[in-house]
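J.: The following block contains the structure, expressed as C-alpha cells.
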Amino acid sequence: MNDMYKKFGIADKVTEFSEEILAGLEERFKKIDETAEYNQMKVIRAMQDNRVSAACFAGTTGYGYNDIGRDTLESVYASCFNTEAALVRPQITCGTHALATALSANLLPGDELLSPVGKPYDTLEEVIGIRKSDCSLAEYGVVYRQVDLLPDGTFDYDGIRKAINDKTKLVTIQRSKGYQMRPTFSVKQIGELIAFVKSIKPDVICMVDNCYGEFVDKIEPSDVGADMTVGSLIKNPGGGLAPIGGYICGSRRCIERCSYRLSAPGLGREVGASLSVMTSLYQGLFLAPTVVASALKGAIFAANIYQKLGFNVVPDAVEPRHDIIQSVELGSAERMIEFCRGIQKAAPVDSYVTPEPYAMPGYSSDVIMAAGAFVQGSSIELSADGPVRAPYAIYFQGGLTWPHAKLGIMMSLEMLYEKGLVSL
C-alpha cells in the first residue's frame with residue numbers, strides 16, 4: 001500500500017502518521033458496522049413489507065398518474081422513518097428546496113417560525129427572510145424568532161419557554177451543525193427538545209432538518225416525535241446513486257400540504273413523473289446504511305488525525321457521532337485552500353481541478369468547495385467545503401467507500417505537509 005500511496009504523491013511520513021492513528025480505531029469502526037447492519041435490515045424489511053418489485057423501476061412521463069414506483073418508494077420511506085406518509089420526489093431539487101417546501105406548506109401569514117437551536121444553515125437565511133430575498137417567508141408575513149444555544153452548545157430551555165407564544169406554529173430543529181462549530185444533536189436530544197416544546201404547546205409542528213444524519217443512528221427524529229423529518233437524496237439516503245431529489249417524511253396532514261406546495265393545490269401527490277430515476281433511488285436507499293458507515297469512518301479518522309496535530313475539531317476524536325460531518329478549525333485561509341486541494345486530488349472525477357474560493361449563490365461570504373463527484377453537489381461523496389472567514393473551519397464529509405475516505409484525508413494532510421503548514 002505504501003507504494004500505491006506514493007503514486008498519489010503521499011510522503012512516507014504522512015502514511016506512517018496515518019497508520020498510527022488508524023491502529024487505535026478498530027473498536028469504533030466495529031460499532032459503526034453494527035449500526036450499519038441494523039439499518040440495512042430495516043431498509044430491506046421496509047422494501048419487502050411494501051412489496052417492491054421490478055415493475056417499480058419503470059419510469060413514467062407526463063403527469064405521472066398511477067406511478068407505482070414513485071408511490072411504493074414513498075411507502076418504503078414512510079416505513080423506514082416510521083411515519084404516516086412521505087413525499088420522495090426528483091422534483092425536489094435539493095435539501096434547501098425540501099425544507100422550503102415543508103416550511104411554506106405549513107406556515108401561513110401571521111404564523112411564527114421558531115428556531116430553538118440558533119441561526120439556521122446559510123441557504124435557509126433567504127428562505128426565511130433573515131437575509132432579504134424575493135419570495136421569502138418574511139415577504140409572505142411569516143415572523144421568525146430564534147433562541148440561541150447556550151455557550152456549551154446545549155438548548156436554552158428557559159429561553160425557549162419564553163419564546164413560544166400563541167402565534168408559534170412551527171419549530172424547526174437543525175440536527176447538523178451547518179457552518180458552525182457547534183455539536184450535532186443526537187436523536188435522543190432532539191426527542192427531549194420536541195417533548196419539551198410540545199409540553200408547552202401540544203399542537204405546534206416540529207420539523208427536523210435531518211440532512212447528514214440519516215442512518216448514523218438506529219433511530220431517526222421521526223421515531224422521537226418529529227412531525228416532519230426532511231432531507232436530501234444526494235446526501236445520506238441516496239447512497240451516492242440518487243442523481244437528484246429530496247424527501248419529507250411525517251404526519252399525513254403535513255405531507256399532504258407539502259405535496260400541494262410542491263405541485264399545486266388539488267393535485268398534490270397524484271402528479272410528478274419519475275422519468276427514469278427510480279432504480280437509482282431504490283438502489284441508493286438500499287446501499288445507504290453501508291455508504292453512511294464508510295463516511296462515518298472517514299469522519300472519525302479525520303478527527304483523530306487533525307486533533308493529534310493540535311487543531312480544534314468538532315466533534316472531537318472520541319465523542320459519539322450524530323452526523324457524517326467533521327469540522328476542523330484550520331486557523332487560516334491558506335490551510336483551508338490546501339486542505340480542499342488535497343480532497344480534490346483524491347477524487348475519481350475532476351481530480352485535476354484546483355478549488356478556489358467563490359461567491360456562491362445563497363451564501364453570505366466566499367465559499368471554497370472540493371468535490372470530484374459522480375453527482376454534482378453530492379455531499380455523501382467525498383467532499384469538503386467551508387466559508388472563507390474566521391475561524392477558517394473546513395467541513396469534511398462523505399466517502400462512498402472507506403478506502404476513498406481514507407485517501408482523501410491522507411491527501412489533505414499531504415498538501416498541508418508539503419506547504420509546511422503542519423509538522424509531523
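Starting from 1 in every chain, residues are counted up; chains themselves are A, B, ... following the order of the C-alpha cells, and ligands are numbered from 1 as listed.
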Report as a list in words all protein, DNA and RNA residues lying within 8 Å of stretch 189-192 of chain A, evaluated on only C-alpha atoms, omitting residues in the same chain fewer than 4 positions from it.
T.: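 The filter keeps Ile173, Arg175, Phe185, Phe196, Pro221, Val224, Gly225 and Ala226 of chain A.
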J.: For the residues selected in the previous step, produce a file with N, CA and C atoms as a JSON list (two decimals), in the first residue's frame.
T.:
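See selection15.json below for the written result:
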[["chain", "number", "residue", "atom", "x", "y", "z"],
["A", 173, "ILE", "N", -35.81, 22.44, 13.77],
["A", 173, "ILE", "CA", -34.64, 21.95, 14.51],
["A", 173, "ILE", "C", -33.62, 21.44, 13.50],
["A", 175, "ARG", "N", -30.53, 19.47, 12.82],
["A", 175, "ARG", "CA", -29.76, 18.43, 13.51],
["A", 175, "ARG", "C", -28.26, 18.64, 13.39],
["A", 185, "PHE", "N", -26.74, 17.46, 17.12],
["A", 185, "PHE", "CA", -27.63, 16.92, 18.14],
["A", 185, "PHE", "C", -27.93, 15.45, 17.88],
["A", 196, "PHE", "N", -40.27, 18.71, 25.18],
["A", 196, "PHE", "CA", -40.34, 19.95, 25.95],
["A", 196, "PHE", "C", -41.22, 20.97, 25.24],
["A", 221, "PRO", "N", -35.22, 11.11, 13.83],
["A", 221, "PRO", "CA", -36.03, 12.07, 14.59],
["A", 221, "PRO", "C", -37.53, 11.78, 14.56],
["A", 224, "VAL", "N", -38.92, 9.89, 17.44],
["A", 224, "VAL", "CA", -38.98, 10.53, 18.76],
["A", 224, "VAL", "C", -39.86, 11.77, 18.75],
["A", 225, "GLY", "N", -40.84, 11.80, 17.84],
["A", 225, "GLY", "CA", -41.84, 12.84, 17.92],
["A", 225, "GLY", "C", -41.84, 13.91, 16.85],
["A", 226, "ALA", "N", -40.90, 13.90, 15.93],
["A", 226, "ALA", "CA", -40.88, 14.92, 14.88],
["A", 226, "ALA", "C", -42.09, 14.76, 13.97]]
J.: From stretch 26-99 of chain A, collect each residue whose DSSP state is alpha helix (DSSP H) and return the set as a short mmCIF file (atom, residue, chain, number, x, y, z; two decimals) with N, CA and C atoms, in the first residue's frame.
T.:
data_model
loop_
_atom_site.label_atom_id
_atom_site.label_comp_id
_atom_site.auth_asym_id
_atom_site.auth_seq_id
_atom_site.Cartn_x
_atom_site.Cartn_y
_atom_site.Cartn_z
N GLU A 26 -10.06 0.58 15.66
CA GLU A 26 -10.73 -0.68 15.30
C GLU A 26 -12.05 -0.87 16.04
N GLU A 27 -12.08 -0.60 17.34
CA GLU A 27 -13.29 -0.82 18.12
C GLU A 27 -14.42 0.12 17.70
N ARG A 28 -14.08 1.38 17.41
CA ARG A 28 -15.11 2.33 16.97
C ARG A 28 -15.66 1.93 15.61
N PHE A 29 -14.81 1.47 14.74
CA PHE A 29 -15.26 1.05 13.41
C PHE A 29 -16.20 -0.16 13.52
N LYS A 30 -15.93 -1.04 14.47
CA LYS A 30 -16.78 -2.22 14.66
C LYS A 30 -18.19 -1.79 15.06
N LYS A 31 -18.31 -0.80 15.93
CA LYS A 31 -19.63 -0.31 16.36
C LYS A 31 -20.38 0.34 15.20
N ILE A 32 -19.66 1.05 14.34
CA ILE A 32 -20.28 1.65 13.16
C ILE A 32 -20.85 0.56 12.25
N ASP A 33 -20.10 -0.51 12.08
CA ASP A 33 -20.57 -1.62 11.24
C ASP A 33 -21.81 -2.29 11.84
N GLU A 34 -21.90 -2.35 13.16
CA GLU A 34 -23.07 -2.93 13.80
C GLU A 34 -24.32 -2.09 13.54
N THR A 35 -24.17 -0.77 13.61
CA THR A 35 -25.29 0.12 13.31
C THR A 35 -25.69 0.00 11.84
N ALA A 36 -24.71 -0.09 10.96
CA ALA A 36 -25.00 -0.24 9.53
C ALA A 36 -25.77 -1.53 9.26
N GLU A 37 -25.40 -2.60 9.94
CA GLU A 37 -26.10 -3.87 9.75
C GLU A 37 -27.56 -3.76 10.19
N TYR A 38 -27.78 -3.10 11.33
CA TYR A 38 -29.15 -2.91 11.83
C TYR A 38 -29.98 -2.11 10.82
N ASN A 39 -29.41 -1.00 10.34
CA ASN A 39 -30.14 -0.16 9.40
C ASN A 39 -30.33 -0.83 8.05
N GLN A 40 -29.38 -1.68 7.67
CA GLN A 40 -29.55 -2.42 6.43
C GLN A 40 -30.76 -3.34 6.52
N MET A 41 -30.91 -4.01 7.66
CA MET A 41 -32.07 -4.87 7.85
C MET A 41 -33.37 -4.06 7.85
N LYS A 42 -33.33 -2.87 8.42
CA LYS A 42 -34.51 -2.01 8.45
C LYS A 42 -34.94 -1.63 7.03
N VAL A 43 -33.98 -1.29 6.18
CA VAL A 43 -34.31 -0.92 4.80
C VAL A 43 -34.85 -2.12 4.03
N ILE A 44 -34.20 -3.27 4.16
CA ILE A 44 -34.66 -4.47 3.46
C ILE A 44 -36.07 -4.84 3.90
N ARG A 45 -36.32 -4.76 5.22
CA ARG A 45 -37.64 -5.08 5.74
C ARG A 45 -38.70 -4.15 5.16
N ALA A 46 -38.37 -2.86 5.08
CA ALA A 46 -39.31 -1.88 4.52
C ALA A 46 -39.60 -2.17 3.06
N MET A 47 -38.59 -2.57 2.31
CA MET A 47 -38.79 -2.89 0.89
C MET A 47 -39.64 -4.15 0.73
N GLN A 48 -39.39 -5.13 1.57
CA GLN A 48 -40.18 -6.36 1.50
C GLN A 48 -41.63 -6.13 1.91
N ASP A 49 -41.82 -5.39 3.00
CA ASP A 49 -43.17 -5.15 3.51
C ASP A 49 -44.02 -4.37 2.51
N ILE A 68 -46.46 3.53 -9.98
CA ILE A 68 -46.33 2.54 -8.91
C ILE A 68 -44.96 2.62 -8.25
N GLY A 69 -43.93 2.91 -9.03
CA GLY A 69 -42.58 3.02 -8.45
C GLY A 69 -42.46 4.18 -7.48
N ARG A 70 -42.98 5.34 -7.89
CA ARG A 70 -42.96 6.53 -7.03
C ARG A 70 -43.76 6.31 -5.76
N ASP A 71 -44.98 5.79 -5.91
CA ASP A 71 -45.85 5.61 -4.75
C ASP A 71 -45.30 4.56 -3.79
N THR A 72 -44.72 3.50 -4.34
CA THR A 72 -44.16 2.45 -3.48
C THR A 72 -42.93 2.96 -2.75
N LEU A 73 -42.09 3.74 -3.45
CA LEU A 73 -40.90 4.29 -2.80
C LEU A 73 -41.28 5.17 -1.62
N GLU A 74 -42.34 5.95 -1.78
CA GLU A 74 -42.78 6.80 -0.68
C GLU A 74 -43.28 5.97 0.49
N SER A 75 -43.90 4.84 0.22
CA SER A 75 -44.32 3.93 1.30
C SER A 75 -43.11 3.31 1.98
N VAL A 76 -42.08 3.00 1.21
CA VAL A 76 -40.84 2.46 1.78
C VAL A 76 -40.20 3.47 2.72
N TYR A 77 -40.11 4.72 2.29
CA TYR A 77 -39.54 5.76 3.15
C TYR A 77 -40.36 5.94 4.41
N ALA A 78 -41.69 5.94 4.29
CA ALA A 78 -42.55 6.07 5.46
C ALA A 78 -42.30 4.93 6.44
N SER A 79 -42.08 3.73 5.93
CA SER A 79 -41.78 2.59 6.79
C SER A 79 -40.42 2.73 7.46
N CYS A 80 -39.41 3.15 6.69
CA CYS A 80 -38.06 3.31 7.24
C CYS A 80 -38.03 4.37 8.34
N GLY A 95 -31.75 19.77 -0.67
CA GLY A 95 -32.21 19.81 0.71
C GLY A 95 -32.88 21.12 1.07
N THR A 96 -32.31 22.23 0.59
CA THR A 96 -32.90 23.54 0.86
C THR A 96 -34.30 23.63 0.27
N HIS A 97 -34.49 23.08 -0.92
CA HIS A 97 -35.81 23.07 -1.56
C HIS A 97 -36.79 22.24 -0.73
N ALA A 98 -36.35 21.09 -0.23
CA ALA A 98 -37.22 20.25 0.59
C ALA A 98 -37.65 21.00 1.85
N LEU A 99 -36.71 21.67 2.49
CA LEU A 99 -37.02 22.45 3.70
C LEU A 99 -37.94 23.61 3.39
#
J.: Would you kindly return, as a VMD selection string, each protein, DNA or RNA residue with an atom no farther than 8 Å from any atom of A:Ile10, considering only C-alpha atoms and excluding same-chain residues fewer than 4 positions away?
T.: chain A and resid 5 to 6 14 to 15 410 to 411 414
J.: Store the residues picked out above in a file with C-alpha atoms, as a tab-separated table (two decimals), in the first residue's frame.
T.:
chain	number	residue	atom	x	y	z
A	5	TYR	CA	0.09	5.81	-1.88
A	6	LYS	CA	3.40	7.07	-3.31
A	14	VAL	CA	2.22	11.09	6.09
A	15	THR	CA	1.43	7.39	5.52
A	410	MET	CA	-4.32	11.50	3.70
A	411	MET	CA	-4.18	13.72	0.62
A	414	GLU	CA	-0.10	15.69	2.38
J.: Write out, as a tab-separated table, each residue of stretch 10-87 of chain A that has an atom at most 7 Å from stretch 245-259 of chain A, together with the closest pair of atoms and their distance in Å to one decimal, counting only C-alpha atoms, rows going by chain and rising number.
T.:
residue	atom	partner	partner_atom	distance
A:Ala78	CA	A:Cys249	CA	6.2
A:Phe81	CA	A:Cys249	CA	6.9
A:Thr83	CA	A:Gly250	CA	5.1
A:Glu84	CA	A:Ser251	CA	5.2
A:Ala85	CA	A:Arg252	CA	5.2
A:Ala86	CA	A:Cys249	CA	4.2
A:Leu87	CA	A:Ile248	CA	5.1
J.: Using C-alpha atoms, can you export the residues from the last selection as a tab-separated table (two decimals), in the first residue's frame?
T.:
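part_8.tsv, freshly written:
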chain	number	residue	atom	x	y	z
A	78	ALA	CA	-42.55	6.07	5.46
A	81	PHE	CA	-38.76	6.56	9.07
A	83	THR	CA	-44.18	7.91	9.71
A	84	GLU	CA	-47.72	8.04	8.33
A	85	ALA	CA	-46.64	9.30	4.92
A	86	ALA	CA	-43.71	10.51	2.83
A	87	LEU	CA	-43.01	12.71	-0.16
J.: Using only C-alpha atoms, which residue out of A:Gly310, A:Pro243, A:Gly272, A:Gly408 lies closest to A:Arg341?
T.: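 For A:Arg341, the nearest of the candidates is A:Gly408.
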J.: With DSSP run on the backbone, what are the strand (DSSP E) residues within stretch 183-373 of chain A? I'd like them as a PyMOL selection string.
T.: chain A and resi 205-209+228-232+246-250+312-314+326-329+367-370
J.: With only C-alpha atoms as the counted atoms, please give the residues lying no more than 12 Å from A:Ala58, apart from itself and same-chain residues fewer than 5 positions off, as a list of chain:residue names.
T.: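 Here the answer would be A:Val52, A:Ser53, A:Gly64, A:Asn66, A:Asp67, A:Ile68, A:Gly69, A:Arg70, A:Ala273, A:Ser274, A:Leu275, A:Ser276, A:Val277, A:Met278, A:Thr279, A:Ser280, A:Leu281, A:Tyr282.
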J.: Restricted to N, CA and C atoms, what would the selected residues look like written as a PDB file, in the first residue's frame?
T.:
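After the write, out.pdb holds the following:
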ATOM      1  N   VAL A  52     -41.800  -4.249  -2.977  1.00  0.00           N
ATOM      2  CA  VAL A  52     -41.023  -3.678  -4.081  1.00  0.00           C
ATOM      3  C   VAL A  52     -40.806  -4.765  -5.137  1.00  0.00           C
ATOM      4  N   SER A  53     -41.061  -4.425  -6.387  1.00  0.00           N
ATOM      5  CA  SER A  53     -40.903  -5.372  -7.497  1.00  0.00           C
ATOM      6  C   SER A  53     -40.174  -4.694  -8.644  1.00  0.00           C
ATOM      7  N   GLY A  64     -47.568  11.609 -14.760  1.00  0.00           N
ATOM      8  CA  GLY A  64     -47.109  10.600 -13.803  1.00  0.00           C
ATOM      9  C   GLY A  64     -48.219   9.950 -13.016  1.00  0.00           C
ATOM     10  N   ASN A  66     -50.657   7.281 -11.510  1.00  0.00           N
ATOM     11  CA  ASN A  66     -50.532   5.843 -11.216  1.00  0.00           C
ATOM     12  C   ASN A  66     -49.094   5.336 -11.338  1.00  0.00           C
ATOM     13  N   ASP A  67     -48.162   6.131 -10.869  1.00  0.00           N
ATOM     14  CA  ASP A  67     -46.746   5.763 -10.901  1.00  0.00           C
ATOM     15  C   ASP A  67     -46.472   4.826  -9.726  1.00  0.00           C
ATOM     16  N   ILE A  68     -46.464   3.533  -9.984  1.00  0.00           N
ATOM     17  CA  ILE A  68     -46.326   2.543  -8.913  1.00  0.00           C
ATOM     18  C   ILE A  68     -44.960   2.616  -8.246  1.00  0.00           C
ATOM     19  N   GLY A  69     -43.925   2.913  -9.026  1.00  0.00           N
ATOM     20  CA  GLY A  69     -42.584   3.017  -8.445  1.00  0.00           C
ATOM     21  C   GLY A  69     -42.458   4.176  -7.485  1.00  0.00           C
ATOM     22  N   ARG A  70     -42.978   5.343  -7.886  1.00  0.00           N
ATOM     23  CA  ARG A  70     -42.956   6.532  -7.035  1.00  0.00           C
ATOM     24  C   ARG A  70     -43.755   6.311  -5.759  1.00  0.00           C
ATOM     25  N   ALA A 273     -44.025  12.887 -12.606  1.00  0.00           N
ATOM     26  CA  ALA A 273     -43.464  11.691 -13.248  1.00  0.00           C
ATOM     27  C   ALA A 273     -42.070  11.393 -12.718  1.00  0.00           C
ATOM     28  N   SER A 274     -41.765  10.122 -12.566  1.00  0.00           N
ATOM     29  CA  SER A 274     -40.457   9.711 -12.043  1.00  0.00           C
ATOM     30  C   SER A 274     -39.402   9.583 -13.135  1.00  0.00           C
ATOM     31  N   LEU A 275     -39.835   9.734 -14.411  1.00  0.00           N
ATOM     32  CA  LEU A 275     -38.910   9.638 -15.552  1.00  0.00           C
ATOM     33  C   LEU A 275     -38.121   8.328 -15.466  1.00  0.00           C
ATOM     34  N   SER A 276     -36.787   8.394 -15.374  1.00  0.00           N
ATOM     35  CA  SER A 276     -36.014   7.139 -15.416  1.00  0.00           C
ATOM     36  C   SER A 276     -35.094   6.980 -14.213  1.00  0.00           C
ATOM     37  N   VAL A 277     -35.456   7.595 -13.083  1.00  0.00           N
ATOM     38  CA  VAL A 277     -34.530   7.601 -11.947  1.00  0.00           C
ATOM     39  C   VAL A 277     -34.867   6.585 -10.856  1.00  0.00           C
ATOM     40  N   MET A 278     -35.946   5.818 -11.013  1.00  0.00           N
ATOM     41  CA  MET A 278     -36.421   5.018  -9.888  1.00  0.00           C
ATOM     42  C   MET A 278     -35.434   3.939  -9.437  1.00  0.00           C
ATOM     43  N   THR A 279     -34.771   3.282 -10.374  1.00  0.00           N
ATOM     44  CA  THR A 279     -33.799   2.252  -9.978  1.00  0.00           C
ATOM     45  C   THR A 279     -32.718   2.856  -9.091  1.00  0.00           C
ATOM     46  N   SER A 280     -32.230   4.034  -9.465  1.00  0.00           N
ATOM     47  CA  SER A 280     -31.184   4.685  -8.677  1.00  0.00           C
ATOM     48  C   SER A 280     -31.683   5.076  -7.293  1.00  0.00           C
ATOM     49  N   LEU A 281     -32.924   5.526  -7.186  1.00  0.00           N
ATOM     50  CA  LEU A 281     -33.456   5.929  -5.885  1.00  0.00           C
ATOM     51  C   LEU A 281     -33.643   4.725  -4.970  1.00  0.00           C
ATOM     52  N   TYR A 282     -34.142   3.623  -5.519  1.00  0.00           N
ATOM     53  CA  TYR A 282     -34.306   2.405  -4.718  1.00  0.00           C
ATOM     54  C   TYR A 282     -32.957   1.812  -4.326  1.00  0.00           C
TER      55      TYR A 282
END
J.: Can you tell me which residues surround stretch 107-112 of chain A at a distance of at most 7 Å, considering only C-alpha atoms, apart from same-chain residues fewer than 2 positions away, and format the answer as a VMD selection string?
T.: chain A and resid 103 to 105 114 140 to 144 167 to 170
J.: Since we have the selection now, will you write its residues out, keeping N, CA and C atoms, as a PDB file, in the first residue's frame?
T.:
ATOM      1  N   LEU A 103     -41.662  24.170   4.981  1.00  0.00           N
ATOM      2  CA  LEU A 103     -41.966  25.383   5.743  1.00  0.00           C
ATOM      3  C   LEU A 103     -43.105  26.170   5.108  1.00  0.00           C
ATOM      4  N   SER A 104     -43.003  26.435   3.811  1.00  0.00           N
ATOM      5  CA  SER A 104     -44.009  27.267   3.157  1.00  0.00           C
ATOM      6  C   SER A 104     -45.365  26.573   3.071  1.00  0.00           C
ATOM      7  N   ALA A 105     -45.361  25.242   3.089  1.00  0.00           N
ATOM      8  CA  ALA A 105     -46.625  24.498   3.040  1.00  0.00           C
ATOM      9  C   ALA A 105     -47.371  24.543   4.368  1.00  0.00           C
ATOM     10  N   LEU A 114     -40.139  29.331  14.779  1.00  0.00           N
ATOM     11  CA  LEU A 114     -39.154  29.428  15.856  1.00  0.00           C
ATOM     12  C   LEU A 114     -38.032  28.419  15.647  1.00  0.00           C
ATOM     13  N   TYR A 140     -44.113  36.930   2.876  1.00  0.00           N
ATOM     14  CA  TYR A 140     -45.497  36.475   2.948  1.00  0.00           C
ATOM     15  C   TYR A 140     -46.075  36.593   4.361  1.00  0.00           C
ATOM     16  N   GLY A 141     -45.364  37.314   5.221  1.00  0.00           N
ATOM     17  CA  GLY A 141     -45.931  37.617   6.526  1.00  0.00           C
ATOM     18  C   GLY A 141     -45.667  36.610   7.619  1.00  0.00           C
ATOM     19  N   VAL A 142     -44.708  35.721   7.420  1.00  0.00           N
ATOM     20  CA  VAL A 142     -44.320  34.774   8.470  1.00  0.00           C
ATOM     21  C   VAL A 142     -43.236  35.417   9.331  1.00  0.00           C
ATOM     22  N   VAL A 143     -43.439  35.405  10.629  1.00  0.00           N
ATOM     23  CA  VAL A 143     -42.495  36.006  11.568  1.00  0.00           C
ATOM     24  C   VAL A 143     -41.495  34.943  12.023  1.00  0.00           C
ATOM     25  N   TYR A 144     -40.233  35.331  12.135  1.00  0.00           N
ATOM     26  CA  TYR A 144     -39.179  34.399  12.555  1.00  0.00           C
ATOM     27  C   TYR A 144     -38.565  34.837  13.880  1.00  0.00           C
ATOM     28  N   LYS A 167     -48.774  32.499  18.630  1.00  0.00           N
ATOM     29  CA  LYS A 167     -48.571  32.501  17.182  1.00  0.00           C
ATOM     30  C   LYS A 167     -47.513  31.503  16.718  1.00  0.00           C
ATOM     31  N   THR A 168     -46.820  30.870  17.650  1.00  0.00           N
ATOM     32  CA  THR A 168     -45.785  29.908  17.269  1.00  0.00           C
ATOM     33  C   THR A 168     -46.442  28.699  16.614  1.00  0.00           C
ATOM     34  N   LYS A 169     -46.234  28.546  15.324  1.00  0.00           N
ATOM     35  CA  LYS A 169     -46.896  27.488  14.557  1.00  0.00           C
ATOM     36  C   LYS A 169     -45.959  26.309  14.293  1.00  0.00           C
ATOM     37  N   LEU A 170     -44.675  26.626  14.023  1.00  0.00           N
ATOM     38  CA  LEU A 170     -43.742  25.570  13.617  1.00  0.00           C
ATOM     39  C   LEU A 170     -42.384  25.823  14.260  1.00  0.00           C
TER      40      LEU A 170
END
J.: I need the residue nearest A:His322 from this list: A:Val216, A:Ile164, A:Ala371, A:Leu25. Use only C-alpha atoms for the distance.
T.: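 Under the stated criterion, the closest residue is A:Val216.
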J.: Which neighbours of stretch 377-392 of chain A fall inside 7 Å, counting only C-alpha atoms, when residues of the same chain fewer than 5 positions from it are skipped, and could you give them as a list in words?
T.: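 Using only C-alpha atoms, the neighbours found are Tyr179, Ile234, Lys235, Asn236, Gly240, Glu329, Leu330, Gly331, Ser332, Ala333, Met336, Cys340, Ile343, Ser365, Asp366, Val367, Ile368, Met369, Ala370, Ala371, Gln397, Gly398, Gly399, Leu400 and Ala405 of chain A.
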J.: Expressed in Å to a single decimal, how great is the separation between atom CA of A:Val187 and atom CA of A:Pro90?
T.: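 Computed distance, atom CA of A:Val187 to atom CA of A:Pro90, equals 26.8 Å.
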J.: Nearest to A:Ser327: which of A:Leu124, A:Val353, A:Met360, A:Ile394 is it, counting only C-alpha atoms?
T.: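 Under the stated criterion, the closest residue is A:Ile394.
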J.: Name all residues at most 9 Å from A:Ile305 (count only C-alpha atoms; drop same-chain ones fewer than 5 positions away) and give them as a VMD selection string.
T.: chain A and resid 17 to 18 21 to 22 300 317 409 413
J.: Report the distance between atom CA of A:Ser222 and atom CA of A:Thr172 in Å, rounded to one decimal place.
T.: 13.3 Å
J.: Would you mind telling me which residue in A:Phe396, A:Asp227, A:Asp209, A:Arg269 lies nearest to A:Lys297 when using only C-alpha atoms?
T.: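 Counting only C-alpha atoms, the residue closest to A:Lys297 is A:Phe396.
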J.: Taking only C-alpha atoms into account, which of A:Cys94, A:Leu309, A:Ala302, A:Ala242 comes nearest A:Cys211?
T.: A:Cys94
